[in-house]
Amino acid sequence: MDEITAEYLAPELEAEIELRVIPRVTVAAKTDLGRVRENNEDKYEFFITEDRDRLARRGLVFVVCDGMGGHDAGQIASELACKTFLDVYLGHPSSLPDPALRDAVKAANRTVYDVSTTVPGRRGMGTTLSALCLIQDRAHIAQVGDSRVYRLRDGVLACLTRDHTWVDEVVTSGMMSREDAEVHPYRHMLTRAIGTEQVVVAELFDYDLLAGDTYLLCSDGLTNHLDKVGIETILCDRAPADAAWELVNAALRDGGSDNCTVVVVRVDALETA
């Protein structure tokens, strides 16, 4: 176990959690370089366990990171963040998801920040991180940056995360409309990212989980080109693999100005354990 991971495994073990519900899912993912970039700074991972203890405490895990930085620094940042987040989250001793999510994000931030500040050519690198954990009958999300998590339920698409950007703060204050924010030149100016500051705090969300839900994790290479209606239409009309393929292709047809990554998770059933 490395030093950074061990630092976040100090809390005492919480009470054992009983496995009551097992989410059964169909998953598809696709990533593309786009038509402008020379390398892919996006990274996605997922961990679907059959271990009953891990299902009860950690659930099914899906992560999307969108790196930034010169040369290949963004790619390294997203790789480091994704790997460290999963290692710490899955190995965390707490039975509760929130402490594990917070500490996993802290560890990912620490890893990327340390490399950024000590390795020549890596200064200033960072990444977004959006993580979805389906634990029993709940959906837990950890969010840093402007990648997004959506949920399609009964044919209606909802964004479950909030962008950590300057324009989103202005919208929240009531000084700009959401429509204007979507086309504002500063819409990608992040106010929170993994690795750019010594400390970052993840924003956590908790939602109910229903059979039939479809979740989408995506980098802004998708939302730069498809609006909510376009995403909703594709998710409604297609199974996960076809939807993932068509979402990325739609972004490419519209110009493919950035790397584009999508992970589509359909909840087929909530099985009584």
# chains A, B, ... in the order shown; residues from 1 in each chain; ligands from 1

$ select_by_dssp --residues "stretch 154-250 of chain A" --states "alpha helix (DSSP H)" --output "PyMOL selection string"
chain A and resi 166-172+178-181+220-223+228-237+240-250

$ atom_distance --atom1 "atom CA of A:Ala202" --atom2 "atom CA of A:His164"
10.2 Å

$ closest_residue --among "A:Ala107, A:Val170, A:Met125, A:Val229" --to "A:Val199" --atoms "only C-alpha atoms"
A:Ala107

$ residues_around --residues "stretch 16-23 of chain A" --least-positions-apart "5" --cutoff "12 Å" --atoms "only C-alpha atoms" --output "PDB file with N, CA and C atoms, in the first residue's frame"
ATOM      1  N   ILE A  48     -17.280  -3.015 -11.254  1.00  0.00           N
ATOM      2  CA  ILE A  48     -18.530  -3.727 -10.986  1.00  0.00           C
ATOM      3  C   ILE A  48     -18.180  -5.014 -10.258  1.00  0.00           C
ATOM      4  N   THR A  49     -18.413  -5.021  -8.958  1.00  0.00           N
ATOM      5  CA  THR A  49     -18.017  -6.145  -8.121  1.00  0.00           C
ATOM      6  C   THR A  49     -19.180  -7.107  -7.903  1.00  0.00           C
ATOM      7  N   GLU A  50     -18.840  -8.341  -7.567  1.00  0.00           N
ATOM      8  CA  GLU A  50     -19.838  -9.315  -7.132  1.00  0.00           C
ATOM      9  C   GLU A  50     -19.639  -9.684  -5.664  1.00  0.00           C
ATOM     10  N   ASP A  51     -18.638  -9.091  -5.035  1.00  0.00           N
ATOM     11  CA  ASP A  51     -18.371  -9.334  -3.626  1.00  0.00           C
ATOM     12  C   ASP A  51     -19.468  -8.688  -2.779  1.00  0.00           C
ATOM     13  N   ARG A  52     -20.085  -9.449  -1.903  1.00  0.00           N
ATOM     14  CA  ARG A  52     -21.253  -8.967  -1.175  1.00  0.00           C
ATOM     15  C   ARG A  52     -20.910  -7.826  -0.212  1.00  0.00           C
ATOM     16  N   ASP A  53     -19.772  -7.907   0.444  1.00  0.00           N
ATOM     17  CA  ASP A  53     -19.386  -6.844   1.363  1.00  0.00           C
ATOM     18  C   ASP A  53     -19.134  -5.543   0.611  1.00  0.00           C
ATOM     19  N   ARG A  54     -18.439  -5.624  -0.519  1.00  0.00           N
ATOM     20  CA  ARG A  54     -18.180  -4.418  -1.305  1.00  0.00           C
ATOM     21  C   ARG A  54     -19.463  -3.861  -1.917  1.00  0.00           C
ATOM     22  N   LEU A  55     -20.357  -4.744  -2.327  1.00  0.00           N
ATOM     23  CA  LEU A  55     -21.640  -4.273  -2.838  1.00  0.00           C
ATOM     24  C   LEU A  55     -22.407  -3.500  -1.767  1.00  0.00           C
ATOM     25  N   ALA A  56     -22.366  -3.984  -0.541  1.00  0.00           N
ATOM     26  CA  ALA A  56     -23.093  -3.341   0.549  1.00  0.00           C
ATOM     27  C   ALA A  56     -22.502  -1.981   0.907  1.00  0.00           C
ATOM     28  N   ARG A  57     -21.170  -1.866   0.894  1.00  0.00           N
ATOM     29  CA  ARG A  57     -20.523  -0.644   1.382  1.00  0.00           C
ATOM     30  C   ARG A  57     -20.095   0.302   0.272  1.00  0.00           C
ATOM     31  N   ARG A  58     -19.619  -0.238  -0.836  1.00  0.00           N
ATOM     32  CA  ARG A  58     -19.036   0.592  -1.898  1.00  0.00           C
ATOM     33  C   ARG A  58     -19.873   0.604  -3.169  1.00  0.00           C
ATOM     34  N   GLY A  59     -20.617  -0.477  -3.438  1.00  0.00           N
ATOM     35  CA  GLY A  59     -21.492  -0.514  -4.601  1.00  0.00           C
ATOM     36  C   GLY A  59     -20.753  -0.652  -5.922  1.00  0.00           C
ATOM     37  N   LEU A  60     -21.411  -0.211  -6.985  1.00  0.00           N
ATOM     38  CA  LEU A  60     -20.852  -0.191  -8.329  1.00  0.00           C
ATOM     39  C   LEU A  60     -20.330   1.213  -8.600  1.00  0.00           C
ATOM     40  N   VAL A  61     -19.116   1.323  -9.133  1.00  0.00           N
ATOM     41  CA  VAL A  61     -18.445   2.624  -9.212  1.00  0.00           C
ATOM     42  C   VAL A  61     -18.127   2.975 -10.661  1.00  0.00           C
ATOM     43  N   PRO A  93     -11.972   2.149   4.986  1.00  0.00           N
ATOM     44  CA  PRO A  93     -12.564   1.302   6.019  1.00  0.00           C
ATOM     45  C   PRO A  93     -13.976   1.694   6.431  1.00  0.00           C
ATOM     46  N   SER A  94     -14.400   2.921   6.132  1.00  0.00           N
ATOM     47  CA  SER A  94     -15.717   3.355   6.585  1.00  0.00           C
ATOM     48  C   SER A  94     -16.816   2.596   5.851  1.00  0.00           C
ATOM     49  N   SER A  95     -17.865   2.242   6.568  1.00  0.00           N
ATOM     50  CA  SER A  95     -19.018   1.602   5.946  1.00  0.00           C
ATOM     51  C   SER A  95     -19.918   2.616   5.252  1.00  0.00           C
ATOM     52  N   LEU A  96     -19.695   3.895   5.524  1.00  0.00           N
ATOM     53  CA  LEU A  96     -20.526   4.944   4.952  1.00  0.00           C
ATOM     54  C   LEU A  96     -19.892   5.497   3.686  1.00  0.00           C
ATOM     55  N   PRO A  97     -20.689   5.834   2.674  1.00  0.00           N
ATOM     56  CA  PRO A  97     -20.116   6.283   1.410  1.00  0.00           C
ATOM     57  C   PRO A  97     -19.499   7.671   1.460  1.00  0.00           C
ATOM     58  N   CYS A 133     -21.666   6.266  -7.713  1.00  0.00           N
ATOM     59  CA  CYS A 133     -21.620   5.004  -6.977  1.00  0.00           C
ATOM     60  C   CYS A 133     -23.050   4.541  -6.712  1.00  0.00           C
ATOM     61  N   LEU A 134     -23.409   3.385  -7.262  1.00  0.00           N
ATOM     62  CA  LEU A 134     -24.741   2.820  -7.057  1.00  0.00           C
ATOM     63  C   LEU A 134     -24.654   1.831  -5.902  1.00  0.00           C
ATOM     64  N   ILE A 135     -25.125   2.268  -4.735  1.00  0.00           N
ATOM     65  CA  ILE A 135     -24.992   1.478  -3.513  1.00  0.00           C
ATOM     66  C   ILE A 135     -26.383   1.088  -3.037  1.00  0.00           C
ATOM     67  N   GLN A 136     -26.696  -0.192  -3.171  1.00  0.00           N
ATOM     68  CA  GLN A 136     -28.005  -0.719  -2.783  1.00  0.00           C
ATOM     69  C   GLN A 136     -29.102   0.025  -3.558  1.00  0.00           C
ATOM     70  N   ASP A 137     -29.920   0.845  -2.888  1.00  0.00           N
ATOM     71  CA  ASP A 137     -30.989   1.551  -3.592  1.00  0.00           C
ATOM     72  C   ASP A 137     -30.758   3.061  -3.612  1.00  0.00           C
ATOM     73  N   ARG A 138     -29.463   3.470  -3.566  1.00  0.00           N
ATOM     74  CA  ARG A 138     -29.116   4.887  -3.600  1.00  0.00           C
ATOM     75  C   ARG A 138     -28.045   5.139  -4.652  1.00  0.00           C
ATOM     76  N   ALA A 139     -28.062   6.342  -5.212  1.00  0.00           N
ATOM     77  CA  ALA A 139     -27.026   6.792  -6.144  1.00  0.00           C
ATOM     78  C   ALA A 139     -26.251   7.917  -5.476  1.00  0.00           C
ATOM     79  N   LEU A 209     -32.581   5.486  -6.113  1.00  0.00           N
ATOM     80  CA  LEU A 209     -32.259   4.673  -7.279  1.00  0.00           C
ATOM     81  C   LEU A 209     -33.463   3.816  -7.617  1.00  0.00           C
ATOM     82  N   LEU A 210     -33.882   3.854  -8.885  1.00  0.00           N
ATOM     83  CA  LEU A 210     -35.038   3.090  -9.324  1.00  0.00           C
ATOM     84  C   LEU A 210     -34.666   2.229 -10.525  1.00  0.00           C
ATOM     85  N   ALA A 211     -35.255   1.052 -10.598  1.00  0.00           N
ATOM     86  CA  ALA A 211     -35.095   0.226 -11.800  1.00  0.00           C
ATOM     87  C   ALA A 211     -35.647   1.006 -12.991  1.00  0.00           C
ATOM     88  N   GLY A 212     -34.923   0.953 -14.100  1.00  0.00           N
ATOM     89  CA  GLY A 212     -35.313   1.694 -15.288  1.00  0.00           C
ATOM     90  C   GLY A 212     -34.550   2.992 -15.465  1.00  0.00           C
ATOM     91  N   ASP A 213     -33.895   3.485 -14.410  1.00  0.00           N
ATOM     92  CA  ASP A 213     -33.066   4.690 -14.529  1.00  0.00           C
ATOM     93  C   ASP A 213     -31.903   4.432 -15.487  1.00  0.00           C
ATOM     94  N   VAL A 265     -25.033   4.019 -18.021  1.00  0.00           N
ATOM     95  CA  VAL A 265     -25.342   2.961 -17.052  1.00  0.00           C
ATOM     96  C   VAL A 265     -26.861   2.837 -16.942  1.00  0.00           C
ATOM     97  N   ARG A 266     -27.397   1.716 -17.392  1.00  0.00           N
ATOM     98  CA  ARG A 266     -28.837   1.474 -17.282  1.00  0.00           C
ATOM     99  C   ARG A 266     -29.097   0.522 -16.122  1.00  0.00           C
ATOM    100  N   VAL A 267     -30.004   0.906 -15.213  1.00  0.00           N
ATOM    101  CA  VAL A 267     -30.352   0.064 -14.076  1.00  0.00           C
ATOM    102  C   VAL A 267     -31.477  -0.863 -14.530  1.00  0.00           C
ATOM    103  N   ASP A 268     -31.134  -2.117 -14.757  1.00  0.00           N
ATOM    104  CA  ASP A 268     -32.112  -3.079 -15.264  1.00  0.00           C
ATOM    105  C   ASP A 268     -33.014  -3.622 -14.166  1.00  0.00           C
ATOM    106  N   ALA A 269     -32.482  -3.752 -12.957  1.00  0.00           N
ATOM    107  CA  ALA A 269     -33.284  -4.277 -11.857  1.00  0.00           C
ATOM    108  C   ALA A 269     -32.610  -3.947 -10.540  1.00  0.00           C
ATOM    109  N   LEU A 270     -33.415  -3.882  -9.479  1.00  0.00           N
ATOM    110  CA  LEU A 270     -32.909  -3.806  -8.106  1.00  0.00           C
ATOM    111  C   LEU A 270     -33.312  -5.108  -7.438  1.00  0.00           C
ATOM    112  N   GLU A 271     -32.334  -5.989  -7.315  1.00  0.00           N
ATOM    113  CA  GLU A 271     -32.591  -7.360  -6.866  1.00  0.00           C
ATOM    114  C   GLU A 271     -32.491  -7.452  -5.348  1.00  0.00           C
ATOM    115  N   THR A 272     -33.473  -8.034  -4.724  1.00  0.00           N
ATOM    116  CA  THR A 272     -33.428  -8.247  -3.277  1.00  0.00           C
ATOM    117  C   THR A 272     -32.320  -9.249  -2.957  1.00  0.00           C
ATOM    118  N   ALA A 273     -31.455  -8.838  -2.040  1.00  0.00           N
ATOM    119  CA  ALA A 273     -30.301  -9.711  -1.722  1.00  0.00           C
ATOM    120  C   ALA A 273     -30.781 -10.846  -0.836  1.00  0.00           C
TER     121      ALA A 273
END

$ residues_around --residues "A:Gly69" --least-positions-apart "6" --cutoff "10 Å" --atoms "only C-alpha atoms" --output "PyMOL selection string"
chain A and resi 41+75-77+116+121-127

$ residues_around --residues "A:Asn259" --least-positions-apart "3" --cutoff "8 Å" --atoms "only C-alpha atoms" --output "list in words"
Thr31, Asp32, Leu33, Gly34, Arg37, Asn40, Glu41, Asp42, Ser219, Gly221 and Gly256 of chain A

$ residues_around --residues "A:Asp98" --least-positions-apart "3" --cutoff "10 Å" --atoms "only C-alpha atoms" --output "PyMOL selection string"
chain A and resi 89+94-95+101-104+140-142+204-206

$ write_last_selection --atoms "C-alpha atoms" --output "mmCIF file, in the first residue's frame"
data_model
loop_
_atom_site.group_PDB
_atom_site.id
_atom_site.type_symbol
_atom_site.label_atom_id
_atom_site.label_comp_id
_atom_site.auth_asym_id
_atom_site.auth_seq_id
_atom_site.Cartn_x
_atom_site.Cartn_y
_atom_site.Cartn_z
ATOM 1 C CA TYR A 89 -12.547 4.680 -2.246
ATOM 2 C CA SER A 94 -15.717 3.355 6.585
ATOM 3 C CA SER A 95 -19.018 1.602 5.946
ATOM 4 C CA LEU A 101 -15.882 9.642 -1.291
ATOM 5 C CA ARG A 102 -14.446 12.713 0.429
ATOM 6 C CA ASP A 103 -11.182 11.000 1.319
ATOM 7 C CA ALA A 104 -10.838 9.459 -2.149
ATOM 8 C CA HIS A 140 -24.104 8.680 -4.584
ATOM 9 C CA ILE A 141 -22.127 11.245 -6.594
ATOM 10 C CA ALA A 142 -18.846 13.058 -5.958
ATOM 11 C CA LEU A 204 -21.530 15.270 -2.791
ATOM 12 C CA PHE A 205 -25.020 14.376 -3.988
ATOM 13 C CA ASP A 206 -27.355 11.556 -2.906
#

$ closest_residue --among "A:Val119, A:Ile194, A:Leu132, A:Leu157" --to "A:Gly67" --atoms "only C-alpha atoms"
A:Ile194

$ residues_around --residues "A:Val263" --least-positions-apart "2" --cutoff "9 Å" --atoms "only C-alpha atoms" --output "VMD selection string"
chain A and resid 27 to 31 44 to 46 62 to 64 215 to 218 240 244 261 265

$ write_last_selection --atoms "N, CA and C atoms" --output "JSON list (two decimals), in the first residue's frame"
[["chain", "number", "residue", "atom", "x", "y", "z"],
["A", 27, "VAL", "N", -23.89, -1.62, -18.89],
["A", 27, "VAL", "CA", -22.96, -0.49, -18.98],
["A", 27, "VAL", "C", -22.32, -0.44, -20.37],
["A", 28, "ALA", "N", -22.17, 0.77, -20.89],
["A", 28, "ALA", "CA", -21.43, 0.98, -22.13],
["A", 28, "ALA", "C", -20.64, 2.27, -22.01],
["A", 29, "ALA", "N", -19.49, 2.32, -22.67],
["A", 29, "ALA", "CA", -18.65, 3.52, -22.60],
["A", 29, "ALA", "C", -17.95, 3.73, -23.94],
["A", 30, "LYS", "N", -17.67, 5.00, -24.23],
["A", 30, "LYS", "CA", -16.92, 5.33, -25.45],
["A", 30, "LYS", "C", -16.18, 6.63, -25.22],
["A", 31, "THR", "N", -14.96, 6.70, -25.72],
["A", 31, "THR", "CA", -14.18, 7.94, -25.68],
["A", 31, "THR", "C", -13.56, 8.18, -27.05],
["A", 44, "TYR", "N", -11.81, 7.31, -18.27],
["A", 44, "TYR", "CA", -12.96, 6.74, -17.56],
["A", 44, "TYR", "C", -12.58, 5.38, -17.00],
["A", 45, "GLU", "N", -13.24, 5.00, -15.92],
["A", 45, "GLU", "CA", -13.08, 3.68, -15.32],
["A", 45, "GLU", "C", -14.41, 3.27, -14.71],
["A", 46, "PHE", "N", -14.62, 1.98, -14.55],
["A", 46, "PHE", "CA", -15.73, 1.51, -13.73],
["A", 46, "PHE", "C", -15.34, 0.21, -13.05],
["A", 62, "PHE", "N", -18.42, 4.23, -11.04],
["A", 62, "PHE", "CA", -18.17, 4.73, -12.39],
["A", 62, "PHE", "C", -17.54, 6.12, -12.27],
["A", 63, "VAL", "N", -16.45, 6.35, -13.02],
["A", 63, "VAL", "CA", -15.70, 7.61, -12.90],
["A", 63, "VAL", "C", -15.36, 8.15, -14.28],
["A", 64, "VAL", "N", -15.49, 9.48, -14.44],
["A", 64, "VAL", "CA", -15.01, 10.17, -15.63],
["A", 64, "VAL", "C", -14.16, 11.36, -15.18],
["A", 215, "TYR", "N", -28.19, 6.35, -16.28],
["A", 215, "TYR", "CA", -27.27, 7.41, -15.88],
["A", 215, "TYR", "C", -26.23, 7.63, -16.97],
["A", 216, "LEU", "N", -25.84, 8.88, -17.12],
["A", 216, "LEU", "CA", -24.81, 9.27, -18.10],
["A", 216, "LEU", "C", -23.75, 10.09, -17.40],
["A", 217, "LEU", "N", -22.51, 9.64, -17.44],
["A", 217, "LEU", "CA", -21.36, 10.44, -17.04],
["A", 217, "LEU", "C", -20.68, 10.91, -18.31],
["A", 218, "CYS", "N", -20.29, 12.18, -18.37],
["A", 218, "CYS", "CA", -19.69, 12.67, -19.62],
["A", 218, "CYS", "C", -18.74, 13.82, -19.35],
["A", 240, "PRO", "N", -27.84, 1.14, -24.11],
["A", 240, "PRO", "CA", -26.59, 1.79, -23.68],
["A", 240, "PRO", "C", -25.46, 1.80, -24.71],
["A", 244, "ALA", "N", -24.17, 5.27, -26.33],
["A", 244, "ALA", "CA", -22.81, 5.76, -26.14],
["A", 244, "ALA", "C", -22.15, 6.09, -27.47],
["A", 261, "THR", "N", -16.02, 11.90, -23.94],
["A", 261, "THR", "CA", -16.13, 10.62, -23.23],
["A", 261, "THR", "C", -17.50, 10.49, -22.60],
["A", 265, "VAL", "N", -25.03, 4.02, -18.02],
["A", 265, "VAL", "CA", -25.34, 2.96, -17.05],
["A", 265, "VAL", "C", -26.86, 2.84, -16.94]]

$ atom_distance --atom1 "atom CA of A:Val200" --atom2 "atom CA of A:Phe85"
13.3 Å

$ atom_distance --atom1 "atom CA of A:His225" --atom2 "atom CA of A:Asn249"
10.5 Å

$ select_by_dssp --residues "stretch 23-266 of chain A" --states "strand (DSSP E)" --output "compact mmCIF listing (two decimals) with N, CA and C atoms, in the first residue's frame"
# COMPACT_ATOMS: atom_id res chain seq x y z
N PRO A 23 -27.99 -3.71 -7.30
CA PRO A 23 -28.34 -3.13 -8.60
C PRO A 23 -27.77 -3.99 -9.74
N ARG A 24 -28.64 -4.36 -10.65
CA ARG A 24 -28.21 -5.07 -11.86
C ARG A 24 -28.22 -4.07 -13.01
N VAL A 25 -27.07 -3.92 -13.68
CA VAL A 25 -26.93 -2.84 -14.65
C VAL A 25 -26.39 -3.35 -15.98
N THR A 26 -26.64 -2.55 -17.02
CA THR A 26 -25.98 -2.70 -18.31
C THR A 26 -25.16 -1.44 -18.54
N VAL A 27 -23.89 -1.62 -18.89
CA VAL A 27 -22.96 -0.49 -18.98
C VAL A 27 -22.32 -0.44 -20.37
N ALA A 28 -22.17 0.77 -20.89
CA ALA A 28 -21.43 0.98 -22.13
C ALA A 28 -20.64 2.27 -22.01
N ALA A 29 -19.49 2.32 -22.67
CA ALA A 29 -18.65 3.52 -22.60
C ALA A 29 -17.95 3.73 -23.94
N LYS A 30 -17.67 5.00 -24.23
CA LYS A 30 -16.92 5.33 -25.45
C LYS A 30 -16.18 6.63 -25.22
N THR A 31 -14.96 6.70 -25.72
CA THR A 31 -14.18 7.94 -25.68
C THR A 31 -13.56 8.18 -27.05
N ASP A 32 -13.38 9.45 -27.40
CA ASP A 32 -12.85 9.80 -28.72
C ASP A 32 -11.96 11.03 -28.61
N ASP A 42 -9.06 12.74 -21.59
CA ASP A 42 -10.16 12.15 -20.82
C ASP A 42 -9.75 10.76 -20.33
N LYS A 43 -10.38 10.36 -19.23
CA LYS A 43 -10.16 9.03 -18.68
C LYS A 43 -11.45 8.56 -18.03
N TYR A 44 -11.81 7.31 -18.27
CA TYR A 44 -12.96 6.74 -17.56
C TYR A 44 -12.58 5.38 -17.00
N GLU A 45 -13.24 5.00 -15.92
CA GLU A 45 -13.08 3.68 -15.32
C GLU A 45 -14.41 3.27 -14.71
N PHE A 46 -14.62 1.98 -14.55
CA PHE A 46 -15.73 1.51 -13.73
C PHE A 46 -15.34 0.21 -13.05
N PHE A 47 -15.98 -0.03 -11.90
CA PHE A 47 -15.69 -1.21 -11.09
C PHE A 47 -17.02 -1.84 -10.70
N LEU A 60 -21.41 -0.21 -6.98
CA LEU A 60 -20.85 -0.19 -8.33
C LEU A 60 -20.33 1.21 -8.60
N VAL A 61 -19.12 1.32 -9.13
CA VAL A 61 -18.45 2.62 -9.21
C VAL A 61 -18.13 2.98 -10.66
N PHE A 62 -18.42 4.23 -11.04
CA PHE A 62 -18.17 4.73 -12.39
C PHE A 62 -17.54 6.12 -12.27
N VAL A 63 -16.45 6.35 -13.02
CA VAL A 63 -15.70 7.61 -12.90
C VAL A 63 -15.36 8.15 -14.28
N VAL A 64 -15.49 9.48 -14.44
CA VAL A 64 -15.01 10.17 -15.63
C VAL A 64 -14.16 11.36 -15.18
N CYS A 65 -12.96 11.48 -15.75
CA CYS A 65 -12.06 12.61 -15.49
C CYS A 65 -11.69 13.26 -16.81
N ASP A 66 -11.59 14.58 -16.80
CA ASP A 66 -11.22 15.36 -17.99
C ASP A 66 -10.01 16.21 -17.62
N GLY A 67 -8.83 15.80 -18.09
CA GLY A 67 -7.58 16.45 -17.70
C GLY A 67 -7.31 17.73 -18.44
N MET A 68 -6.43 18.54 -17.84
CA MET A 68 -6.00 19.79 -18.47
C MET A 68 -4.54 20.02 -18.14
N GLY A 126 -4.19 19.58 -14.06
CA GLY A 126 -5.32 19.26 -13.20
C GLY A 126 -6.35 18.47 -13.97
N THR A 127 -7.47 18.20 -13.32
CA THR A 127 -8.51 17.40 -13.97
C THR A 127 -9.84 17.59 -13.26
N LEU A 129 -13.36 15.60 -12.00
CA LEU A 129 -13.67 14.24 -11.55
C LEU A 129 -15.15 14.16 -11.23
N SER A 130 -15.84 13.27 -11.91
CA SER A 130 -17.24 12.97 -11.61
C SER A 130 -17.35 11.48 -11.35
N ALA A 131 -17.83 11.12 -10.16
CA ALA A 131 -17.93 9.71 -9.77
C ALA A 131 -19.37 9.39 -9.38
N LEU A 132 -19.87 8.27 -9.89
CA LEU A 132 -21.21 7.77 -9.56
C LEU A 132 -21.06 6.42 -8.89
N CYS A 133 -21.67 6.27 -7.71
CA CYS A 133 -21.62 5.00 -6.98
C CYS A 133 -23.05 4.54 -6.71
N LEU A 134 -23.41 3.39 -7.26
CA LEU A 134 -24.74 2.82 -7.06
C LEU A 134 -24.65 1.83 -5.90
N ILE A 135 -25.12 2.27 -4.74
CA ILE A 135 -24.99 1.48 -3.51
C ILE A 135 -26.38 1.09 -3.04
N ARG A 138 -29.46 3.47 -3.57
CA ARG A 138 -29.12 4.89 -3.60
C ARG A 138 -28.05 5.14 -4.65
N ALA A 139 -28.06 6.34 -5.21
CA ALA A 139 -27.03 6.79 -6.14
C ALA A 139 -26.25 7.92 -5.48
N HIS A 140 -24.97 7.69 -5.22
CA HIS A 140 -24.10 8.68 -4.58
C HIS A 140 -23.15 9.24 -5.63
N ILE A 141 -22.96 10.56 -5.60
CA ILE A 141 -22.13 11.25 -6.59
C ILE A 141 -21.12 12.14 -5.89
N ALA A 142 -19.88 12.11 -6.37
CA ALA A 142 -18.85 13.06 -5.96
C ALA A 142 -18.47 13.88 -7.18
N GLN A 143 -18.45 15.20 -7.03
CA GLN A 143 -18.26 16.09 -8.17
C GLN A 143 -17.19 17.14 -7.90
N VAL A 144 -16.24 17.25 -8.85
CA VAL A 144 -15.28 18.35 -8.86
C VAL A 144 -15.09 18.76 -10.32
N ARG A 148 -20.08 16.03 -16.08
CA ARG A 148 -21.44 15.99 -15.54
C ARG A 148 -21.95 14.56 -15.37
N VAL A 149 -22.96 14.43 -14.48
CA VAL A 149 -23.72 13.19 -14.34
C VAL A 149 -25.19 13.53 -14.58
N TYR A 150 -25.79 12.83 -15.53
CA TYR A 150 -27.21 12.99 -15.83
C TYR A 150 -27.97 11.72 -15.45
N ARG A 151 -29.29 11.89 -15.26
CA ARG A 151 -30.16 10.73 -15.06
C ARG A 151 -31.38 10.86 -15.95
N LEU A 152 -31.66 9.80 -16.70
CA LEU A 152 -32.89 9.71 -17.48
C LEU A 152 -33.87 8.84 -16.70
N ARG A 153 -35.01 9.41 -16.34
CA ARG A 153 -36.04 8.68 -15.60
C ARG A 153 -37.40 8.99 -16.22
N VAL A 156 -37.45 11.59 -18.95
CA VAL A 156 -37.06 12.98 -18.64
C VAL A 156 -35.61 13.00 -18.15
N LEU A 157 -34.80 13.85 -18.78
CA LEU A 157 -33.38 13.94 -18.43
C LEU A 157 -33.16 15.05 -17.41
N ALA A 158 -32.39 14.74 -16.37
CA ALA A 158 -32.05 15.72 -15.34
C ALA A 158 -30.55 15.69 -15.10
N CYS A 159 -29.94 16.86 -14.97
CA CYS A 159 -28.53 16.94 -14.59
C CYS A 159 -28.44 16.87 -13.08
N GLU A 203 -18.06 18.13 -4.00
CA GLU A 203 -19.48 18.34 -3.73
C GLU A 203 -20.17 16.98 -3.86
N LEU A 204 -20.90 16.58 -2.83
CA LEU A 204 -21.53 15.27 -2.79
C LEU A 204 -23.03 15.39 -2.99
N PHE A 205 -23.58 14.44 -3.73
CA PHE A 205 -25.02 14.38 -3.99
C PHE A 205 -25.50 12.96 -3.68
N ASP A 206 -26.77 12.85 -3.29
CA ASP A 206 -27.36 11.56 -2.91
C ASP A 206 -28.78 11.50 -3.45
N TYR A 207 -29.08 10.47 -4.25
CA TYR A 207 -30.39 10.35 -4.89
C TYR A 207 -30.93 8.94 -4.70
N ASP A 208 -32.25 8.83 -4.81
CA ASP A 208 -32.86 7.50 -4.81
C ASP A 208 -32.54 6.80 -6.13
N THR A 214 -31.53 5.46 -16.23
CA THR A 214 -30.30 5.42 -17.02
C THR A 214 -29.45 6.62 -16.63
N TYR A 215 -28.19 6.35 -16.28
CA TYR A 215 -27.27 7.41 -15.88
C TYR A 215 -26.23 7.63 -16.97
N LEU A 216 -25.84 8.88 -17.12
CA LEU A 216 -24.81 9.27 -18.10
C LEU A 216 -23.75 10.09 -17.40
N LEU A 217 -22.51 9.64 -17.44
CA LEU A 217 -21.36 10.44 -17.04
C LEU A 217 -20.68 10.91 -18.31
N CYS A 218 -20.29 12.18 -18.37
CA CYS A 218 -19.69 12.67 -19.62
C CYS A 218 -18.74 13.82 -19.35
N CYS A 260 -14.04 13.63 -26.18
CA CYS A 260 -15.42 13.36 -25.77
C CYS A 260 -15.49 11.97 -25.16
N THR A 261 -16.02 11.90 -23.94
CA THR A 261 -16.13 10.62 -23.23
C THR A 261 -17.50 10.49 -22.60
N VAL A 262 -18.10 9.31 -22.76
CA VAL A 262 -19.40 9.04 -22.15
C VAL A 262 -19.38 7.66 -21.52
N VAL A 263 -20.06 7.53 -20.38
CA VAL A 263 -20.33 6.23 -19.75
C VAL A 263 -21.83 6.18 -19.51
N VAL A 264 -22.49 5.17 -20.06
CA VAL A 264 -23.95 5.02 -19.95
C VAL A 264 -24.23 3.81 -19.06
N VAL A 265 -25.03 4.02 -18.02
CA VAL A 265 -25.34 2.96 -17.05
C VAL A 265 -26.86 2.84 -16.94
N ARG A 266 -27.40 1.72 -17.39
CA ARG A 266 -28.84 1.47 -17.28
C ARG A 266 -29.10 0.52 -16.12
